[in-house]
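The structure file input_1.csv is reproduced below (CSV, C-alpha atoms).
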```csv
chain,number,residue,atom,x,y,z
A,1,MET,CA,-90.7,-10.9,99.9
A,2,ALA,CA,-90.1,-10.4,96.2
A,3,VAL,CA,-86.6,-9.1,96.8
A,4,SER,CA,-85.7,-12.2,98.8
A,5,THR,CA,-87.1,-14.5,96.0
A,6,ASN,CA,-85.1,-12.6,93.4
A,7,THR,CA,-81.9,-13.0,95.5
A,8,GLU,CA,-82.4,-16.7,95.8
A,9,VAL,CA,-83.0,-17.1,92.1
A,10,LYS,CA,-79.9,-15.1,91.4
A,11,GLU,CA,-77.8,-17.2,93.7
A,12,ASN,CA,-79.1,-20.4,92.1
A,13,LEU,CA,-78.2,-19.1,88.7
A,14,GLU,CA,-74.8,-18.2,89.8
A,15,ASP,CA,-74.3,-21.8,91.3
A,16,VAL,CA,-75.5,-23.3,88.0
A,17,GLY,CA,-73.2,-21.1,86.0
A,18,GLU,CA,-70.3,-22.0,88.3
A,19,ALA,CA,-71.0,-25.7,87.9
A,20,PHE,CA,-71.3,-25.4,84.2
A,21,LYS,CA,-68.0,-23.6,84.1
A,22,GLN,CA,-66.4,-26.4,86.2
A,23,VAL,CA,-67.9,-29.1,83.9
A,24,ASN,CA,-66.8,-27.2,80.8
A,25,LYS,CA,-63.3,-26.8,82.2
A,26,THR,CA,-63.1,-30.5,83.0
A,27,LEU,CA,-64.4,-31.6,79.6
A,28,PHE,CA,-61.9,-29.5,77.8
A,29,ASP,CA,-59.0,-30.2,80.2
A,30,SER,CA,-56.4,-32.3,78.4
A,31,ASP,CA,-54.9,-33.6,81.6
A,32,PHE,CA,-58.3,-35.0,82.7
A,33,TRP,CA,-58.7,-36.9,79.4
A,34,ILE,CA,-55.1,-38.2,79.5
A,35,SER,CA,-55.4,-39.4,83.1
A,36,THR,CA,-58.8,-41.0,82.3
A,37,SER,CA,-57.5,-42.7,79.2
A,38,PHE,CA,-54.5,-44.1,81.1
A,39,PHE,CA,-56.9,-45.3,83.8
A,40,ALA,CA,-59.2,-47.0,81.3
A,41,LEU,CA,-56.2,-48.5,79.5
A,42,ARG,CA,-54.9,-50.0,82.8
A,43,ILE,CA,-58.3,-51.6,83.5
A,44,PHE,CA,-58.4,-52.9,80.0
A,45,LEU,CA,-54.9,-54.4,80.2
A,46,ILE,CA,-55.8,-56.1,83.5
A,47,VAL,CA,-58.8,-57.7,82.0
A,48,MET,CA,-57.0,-58.7,78.8
A,49,ILE,CA,-54.0,-60.1,80.7
A,50,SER,CA,-56.2,-62.1,82.9
A,51,ILE,CA,-58.0,-63.6,79.9
A,52,VAL,CA,-54.7,-64.4,78.2
A,53,LEU,CA,-53.3,-66.0,81.4
A,54,VAL,CA,-56.4,-68.2,81.7
A,55,LYS,CA,-56.2,-69.3,78.1
A,56,VAL,CA,-52.4,-69.9,78.2
A,57,GLY,CA,-52.7,-71.7,81.6
A,58,HIS,CA,-55.4,-74.0,80.2
A,59,MET,CA,-53.3,-74.8,77.2
A,60,LEU,CA,-50.2,-75.5,79.3
A,61,ILE,CA,-52.2,-77.8,81.6
A,62,ARG,CA,-53.6,-79.8,78.7
A,63,ARG,CA,-50.1,-79.9,77.0
A,64,PHE,CA,-48.6,-81.2,80.2
A,65,PHE,CA,-51.1,-84.0,80.7
A,66,SER,CA,-51.0,-84.9,77.0
A,67,ILE,CA,-47.2,-85.4,77.2
A,68,LYS,CA,-47.7,-87.3,80.4
A,69,LEU,CA,-50.3,-89.6,78.9
A,70,LYS,CA,-47.9,-90.5,76.1
A,71,SER,CA,-45.1,-91.4,78.5
A,72,PRO,CA,-44.4,-95.0,79.5
A,73,MET,CA,-45.7,-94.3,83.0
A,74,ARG,CA,-49.3,-93.8,81.8
A,75,LYS,CA,-52.0,-93.3,84.5
A,76,ASN,CA,-55.7,-93.7,84.4
A,77,GLU,CA,-57.0,-91.6,81.6
A,78,ARG,CA,-60.3,-90.9,83.3
A,79,ARG,CA,-58.6,-89.5,86.3
A,80,GLU,CA,-56.3,-87.4,84.1
A,81,LYS,CA,-59.3,-85.8,82.4
A,82,THR,CA,-60.9,-85.0,85.8
A,83,MET,CA,-57.7,-83.4,87.1
A,84,ILE,CA,-57.4,-81.3,83.9
A,85,LYS,CA,-60.9,-79.9,84.5
A,86,LEU,CA,-60.3,-79.3,88.2
A,87,LEU,CA,-57.0,-77.5,87.6
A,88,GLU,CA,-58.5,-75.4,84.9
A,89,ASN,CA,-61.3,-74.3,87.2
A,90,ALA,CA,-58.9,-73.5,90.0
A,91,LEU,CA,-56.6,-71.5,87.7
A,92,THR,CA,-59.6,-69.5,86.4
A,93,TYR,CA,-60.8,-68.7,90.0
A,94,VAL,CA,-57.3,-67.6,91.1
A,95,VAL,CA,-56.6,-65.4,88.1
A,96,PHE,CA,-59.9,-63.6,88.0
A,97,PHE,CA,-59.9,-63.1,91.7
A,98,SER,CA,-56.5,-61.4,91.5
A,99,ALA,CA,-57.7,-59.3,88.6
A,100,MET,CA,-60.6,-58.1,90.6
A,101,LEU,CA,-58.3,-57.1,93.4
A,102,SER,CA,-56.1,-55.2,90.9
A,103,ILE,CA,-59.1,-53.3,89.5
A,104,LEU,CA,-60.2,-52.3,93.0
A,105,THR,CA,-56.7,-51.0,93.6
A,106,GLU,CA,-57.0,-48.9,90.5
A,107,PHE,CA,-60.1,-47.4,92.0
A,108,GLU,CA,-58.1,-46.5,95.1
A,109,ILE,CA,-60.0,-48.9,97.3
A,110,ASP,CA,-58.1,-50.2,100.3
A,111,VAL,CA,-57.8,-53.9,99.3
A,112,LYS,CA,-55.9,-54.8,102.5
A,113,GLY,CA,-58.7,-53.5,104.6
A,114,LEU,CA,-61.2,-55.4,102.5
A,115,LEU,CA,-59.2,-58.7,102.9
A,116,ALA,CA,-58.9,-58.1,106.6
A,117,GLY,CA,-62.6,-57.4,106.8
A,118,ALA,CA,-63.3,-60.4,104.6
A,119,GLY,CA,-61.5,-62.6,107.2
A,120,VAL,CA,-63.8,-61.5,109.9
A,121,LEU,CA,-66.8,-61.6,107.6
A,122,GLY,CA,-65.8,-65.0,106.3
A,123,LEU,CA,-65.9,-66.4,109.9
A,124,ALA,CA,-69.4,-65.2,110.3
A,125,VAL,CA,-70.5,-66.3,106.8
A,126,GLY,CA,-68.9,-69.6,107.3
A,127,PHE,CA,-71.5,-70.7,109.7
A,128,GLY,CA,-74.1,-70.1,107.0
A,129,ALA,CA,-72.0,-71.6,104.2
A,130,GLN,CA,-71.6,-75.0,105.6
A,131,SER,CA,-73.2,-76.6,102.6
A,132,LEU,CA,-70.6,-74.8,100.3
A,133,VAL,CA,-67.7,-76.1,102.4
A,134,LYS,CA,-69.3,-79.6,102.4
A,135,ASP,CA,-69.6,-79.4,98.5
A,136,VAL,CA,-65.9,-78.5,98.1
A,137,ILE,CA,-64.7,-81.2,100.5
A,138,SER,CA,-66.8,-83.8,98.9
A,139,GLY,CA,-65.5,-82.8,95.5
A,140,PHE,CA,-61.9,-83.3,96.7
A,141,PHE,CA,-62.8,-86.8,98.1
A,142,ILE,CA,-64.5,-87.8,94.8
A,143,ILE,CA,-61.3,-87.0,92.9
A,144,PHE,CA,-59.0,-88.4,95.6
A,145,GLU,CA,-60.8,-91.7,95.8
A,146,ASP,CA,-61.4,-91.8,92.1
A,147,GLN,CA,-65.1,-92.6,92.5
A,148,PHE,CA,-65.8,-91.4,89.0
A,149,GLY,CA,-64.2,-89.3,86.4
A,150,VAL,CA,-65.0,-87.1,83.3
A,151,GLY,CA,-66.4,-89.4,80.6
A,152,ASP,CA,-67.7,-92.1,82.9
A,153,TYR,CA,-71.3,-93.3,82.5
A,154,VAL,CA,-72.8,-93.1,86.0
A,155,ARG,CA,-76.0,-93.1,87.9
A,156,ILE,CA,-76.1,-90.4,90.7
A,157,ASN,CA,-79.2,-89.8,92.7
A,158,SER,CA,-82.0,-89.6,90.0
A,159,ALA,CA,-79.7,-88.9,87.1
A,160,GLU,CA,-78.1,-91.4,84.7
A,161,GLY,CA,-75.7,-90.2,82.0
A,162,THR,CA,-72.1,-89.2,81.2
A,163,VAL,CA,-70.0,-87.1,83.5
A,164,ILE,CA,-69.2,-83.8,81.7
A,165,GLU,CA,-67.4,-81.9,84.4
A,166,ILE,CA,-66.3,-82.3,88.0
A,167,GLY,CA,-65.8,-78.9,89.6
A,168,LEU,CA,-64.9,-77.7,93.1
A,169,ARG,CA,-68.5,-77.4,94.1
A,170,THR,CA,-70.7,-79.2,91.5
A,171,THR,CA,-70.7,-82.1,89.1
A,172,LYS,CA,-72.3,-81.9,85.7
A,173,ILE,CA,-73.9,-85.0,84.1
A,174,GLY,CA,-75.1,-85.1,80.5
A,175,LEU,CA,-78.3,-87.1,80.2
A,176,PHE,CA,-79.4,-89.2,77.2
A,177,GLY,CA,-81.8,-86.5,75.9
A,178,GLY,CA,-79.2,-83.8,75.9
A,179,GLU,CA,-80.1,-82.3,79.3
A,180,VAL,CA,-77.4,-81.4,81.7
A,181,PHE,CA,-78.0,-82.5,85.3
A,182,ILE,CA,-76.0,-80.3,87.9
A,183,VAL,CA,-75.7,-81.7,91.4
A,184,PRO,CA,-73.8,-80.2,94.3
A,185,ASN,CA,-71.0,-82.5,95.4
A,186,GLY,CA,-72.2,-82.5,99.0
A,187,GLN,CA,-75.6,-83.9,97.8
A,188,ILE,CA,-74.1,-86.9,96.0
A,189,GLY,CA,-75.3,-90.1,97.7
A,190,GLU,CA,-75.0,-93.5,96.2
A,191,VAL,CA,-73.0,-93.6,93.0
A,192,ILE,CA,-73.2,-96.4,90.4
A,193,ASN,CA,-70.3,-96.2,87.9
A,194,PHE,CA,-70.8,-98.3,84.8
A,195,SER,CA,-67.4,-97.5,83.3
A,196,VAL,CA,-65.1,-99.1,85.8
A,197,THR,CA,-65.5,-102.8,84.8
A,198,ASN,CA,-66.7,-104.7,81.8
A,199,SER,CA,-70.5,-104.8,81.3
A,200,MET,CA,-72.9,-107.7,80.7
A,201,ALA,CA,-75.4,-107.7,77.9
A,202,ILE,CA,-78.4,-109.8,79.1
A,203,LEU,CA,-80.9,-111.0,76.5
A,204,ASP,CA,-84.2,-112.8,77.2
A,205,ILE,CA,-85.4,-114.5,74.0
A,206,GLY,CA,-88.9,-115.9,74.0
A,207,VAL,CA,-89.8,-119.0,71.9
A,208,SER,CA,-93.2,-120.7,71.4
A,209,TYR,CA,-94.2,-123.9,73.3
A,210,GLU,CA,-94.1,-125.9,70.0
A,211,THR,CA,-90.3,-125.3,69.8
A,212,ASP,CA,-87.8,-128.1,70.4
A,213,ILE,CA,-85.9,-126.4,73.3
A,214,ASP,CA,-82.7,-128.5,73.0
A,215,HIS,CA,-82.5,-128.0,69.3
A,216,ALA,CA,-83.1,-124.3,69.6
A,217,GLU,CA,-80.4,-123.9,72.3
A,218,GLU,CA,-77.9,-125.9,70.1
A,219,LEU,CA,-78.6,-123.7,67.1
A,220,ILE,CA,-78.4,-120.4,69.0
A,221,SER,CA,-75.1,-121.5,70.7
A,222,GLU,CA,-73.6,-122.2,67.3
A,223,PHE,CA,-74.7,-118.8,66.1
A,224,LEU,CA,-73.1,-117.1,69.2
A,225,LYS,CA,-69.8,-118.9,68.6
A,226,GLY,CA,-69.7,-117.5,65.0
A,227,LEU,CA,-70.4,-113.9,65.7
A,228,PRO,CA,-68.3,-111.7,63.3
A,229,LYS,CA,-65.6,-109.7,65.1
A,230,ASP,CA,-66.0,-106.8,62.7
A,231,ARG,CA,-69.6,-106.4,63.7
A,232,TYR,CA,-69.1,-107.1,67.4
A,233,PRO,CA,-65.7,-105.6,68.3
A,234,GLU,CA,-66.9,-104.8,71.8
A,235,VAL,CA,-67.8,-108.4,72.8
A,236,ILE,CA,-65.2,-110.1,75.0
A,237,GLY,CA,-65.1,-113.8,74.6
A,238,ILE,CA,-68.0,-115.9,73.4
A,239,PRO,CA,-71.5,-115.1,74.5
A,240,GLU,CA,-73.1,-117.9,76.5
A,241,MET,CA,-76.5,-119.6,76.3
A,242,LEU,CA,-77.6,-120.1,79.9
A,243,GLY,CA,-80.8,-122.0,79.0
A,244,VAL,CA,-84.4,-121.6,80.1
A,245,GLN,CA,-84.9,-118.5,82.3
A,246,SER,CA,-88.7,-118.8,82.8
A,247,ILE,CA,-91.8,-120.5,81.6
A,248,ASP,CA,-94.6,-117.9,81.0
A,249,PRO,CA,-98.2,-118.7,80.0
A,250,SER,CA,-97.5,-117.9,76.3
A,251,LYS,CA,-93.8,-118.5,75.8
A,252,ILE,CA,-90.6,-120.1,77.1
A,253,VAL,CA,-87.8,-117.6,77.8
A,254,LEU,CA,-84.2,-118.4,77.0
A,255,ARG,CA,-81.4,-116.2,78.5
A,256,ILE,CA,-78.2,-115.2,76.7
A,257,VAL,CA,-75.4,-113.3,78.3
A,258,ALA,CA,-72.4,-111.6,76.6
A,259,GLU,CA,-69.5,-109.8,78.3
A,260,THR,CA,-68.7,-106.5,76.7
A,261,GLU,CA,-66.5,-103.5,77.1
A,262,PRO,CA,-67.7,-100.9,79.6
A,263,VAL,CA,-71.1,-99.4,78.7
A,264,ALA,CA,-71.2,-101.2,75.4
A,265,ASN,CA,-73.8,-103.7,76.6
A,266,PHE,CA,-76.7,-101.6,75.3
A,267,ARG,CA,-75.3,-101.3,71.8
A,268,VAL,CA,-74.4,-105.0,71.7
A,269,GLY,CA,-77.8,-106.1,73.0
A,270,ARG,CA,-79.6,-104.2,70.2
A,271,LYS,CA,-77.4,-105.7,67.5
A,272,LEU,CA,-77.8,-109.2,68.9
A,273,ARG,CA,-81.5,-109.0,69.1
A,274,GLN,CA,-81.7,-107.9,65.5
A,275,ASP,CA,-79.3,-110.7,64.2
A,276,LEU,CA,-81.0,-113.4,66.4
A,277,LYS,CA,-84.4,-112.5,65.0
A,278,LYS,CA,-83.1,-113.0,61.4
A,279,PHE,CA,-81.3,-116.3,62.4
A,280,MET,CA,-84.3,-117.7,64.2
A,281,ASP,CA,-86.5,-117.0,61.2
A,282,GLN,CA,-84.1,-118.7,58.8
A,283,ASN,CA,-83.9,-121.8,61.0
A,284,GLY,CA,-87.6,-122.2,61.8
A,285,ILE,CA,-87.4,-121.3,65.5
A,286,GLU,CA,-90.9,-119.9,66.1
A,287,LEU,CA,-91.2,-116.8,68.1
A,288,PRO,CA,-94.2,-116.5,70.4
A,289,TYR,CA,-97.1,-114.3,69.4
A,290,PRO,CA,-100.7,-113.8,70.7
A,291,LYS,CA,-103.0,-116.7,69.8
A,292,MET,CA,-106.8,-117.2,70.2
A,293,VAL,CA,-108.3,-120.7,70.5
A,294,LEU,CA,-112.0,-121.3,70.0
A,295,PHE,CA,-113.8,-124.3,71.4
A,296,GLN,CA,-117.1,-125.3,70.0
A,297,GLU,CA,-119.4,-127.5,72.1
A,298,LYS,CA,-122.5,-129.3,70.7
A,299,MET,CA,-125.4,-129.7,73.0
A,300,GLU,CA,-127.9,-132.6,72.6
A,301,GLY,CA,-130.9,-130.4,72.2
A,302,ASP,CA,-129.2,-128.1,69.8
A,303,SER,CA,-127.9,-131.0,67.7
A,304,GLN,CA,-131.5,-132.1,67.0
A,305,ASN,CA,-132.2,-128.6,65.7
A,306,GLY,CA,-128.9,-128.5,63.8
A,307,GLY,CA,-127.6,-125.6,66.0
A,308,GLU,CA,-124.3,-125.2,67.8
A,309,ARG,CA,-123.3,-123.3,70.9
A,310,VAL,CA,-119.9,-121.6,70.8
```
Translate the structure described by the file into structure tokens.
Amino acid sequence: MAVSTNTEVKENLEDVGEAFKQVNKTLFDSDFWISTSFFALRIFLIVMISIVLVKVGHMLIRRFFSIKLKSPMRKNERREKTMIKLLENALTYVVFFSAMLSILTEFEIDVKGLLAGAGVLGLAVGFGAQSLVKDVISGFFIIFEDQFGVGDYVRINSAEGTVIEIGLRTTKIGLFGGEVFIVPNGQIGEVINFSVTNSMAILDIGVSYETDIDHAEELISEFLKGLPKDRYPEVIGIPEMLGVQSIDPSKIVLRIVAETEPVANFRVGRKLRQDLKKFMDQNGIELPYPKMVLFQEKMEGDSQNGGERV
């Protein structure tokens, strides 16, 4: 029994020694290190060439569209920005996919077999990737129909903000607070695009019941006609005083509308409210504010005692 155990230990030691010799031979073999270095160099070159191709491709795409935008046949700038983003994404996918196939070839993996198997596998996966196909097709229709483009201010589903990017599968929207809302193109329902046509700044200004409405409307109309162009460059035409919009229990509401450039209505509305407040103060147009009225009623019995009931 002891002889058998010693024999096994001896054989194991011989195997370990043989493996150590093999490792030692490999580590100190110049051919091994040369071949390994060339292999790593080829992988590195594939990665670097892919990155350079993507960078150069993006630069050429932007240069092409910048020259095209300066030509007499200028197209919609919004759509051009959207196409730039889409082409950049498509180029990135194609280049890096090709680089991945080249790297697999360096590892002596049968790429042709993988592609053939991917075709059969893709047919099976396609049934479970219907949402992905729907997203891609919806993305193409969004661009083809020019529903919205990069830089547009839109409301999509529950998000309202500026379109940052339109990709093959998703759309990114920058919200007012700095958040980025990412929605799959296939889940985009109703879209409200605020950047296609001119906007309207609608102001409801309240005045007190003691105000002479006709006089107030006349003064405000004169004020609107004299708006300085340097302060209101986004305003198109002359803002209009529509008149009394509603009569509330504590105020009379006057409505003013001003046509502005797309999405400039918020900024114009804030400036108009500020300037109108100053103008109304200077011209004695009283703004409504909470008031409390006290009625005192004297009772016969209390008047004899000199008391009052409030």
task: Extract, using all atoms listed in the file, all DNA, RNA and protein residues at most 12 Å from A:Ile142, discarding same-chain residues fewer than 2 positions from it, and format them as a ChimeraX atom specification.
output: /A:79,82-83,86,135-140,144-150,166-171,185-186,188-189,191
message: Using all atoms listed in the file, can you tell me which of A:Ile285, A:Lys291, A:Phe107, A:Asn157 comes closest to A:His215?
response: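 Closest to A:His215 of all the choices is A:Ile285.
From atom CA of A:Ile205 back to atom CA of A:Leu254, the distance works out to 5.1 Å.
Minimum atom-to-atom distance to A:Glu88, evaluated using all atoms listed in the file, belongs to A:Glu165 out of A:Glu165, A:Glu106, A:Asp152, A:Asp230.
Distance annotation: of A:Gly206, A:Pro233, A:Pro288, A:Gly243, the residue with the minimal separation from A:Ala264 is A:Pro233; atom set is all atoms listed in the file.
Atom CA of A:Glu210 sits 23.4 Å away from atom CA of A:Glu240.
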field: Residue among A:Arg270, A:Lys134, A:Arg231, A:Arg42 lying closest to A:Leu203, counting all atoms listed in the file
entry: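 Closest candidate: A:Arg270.
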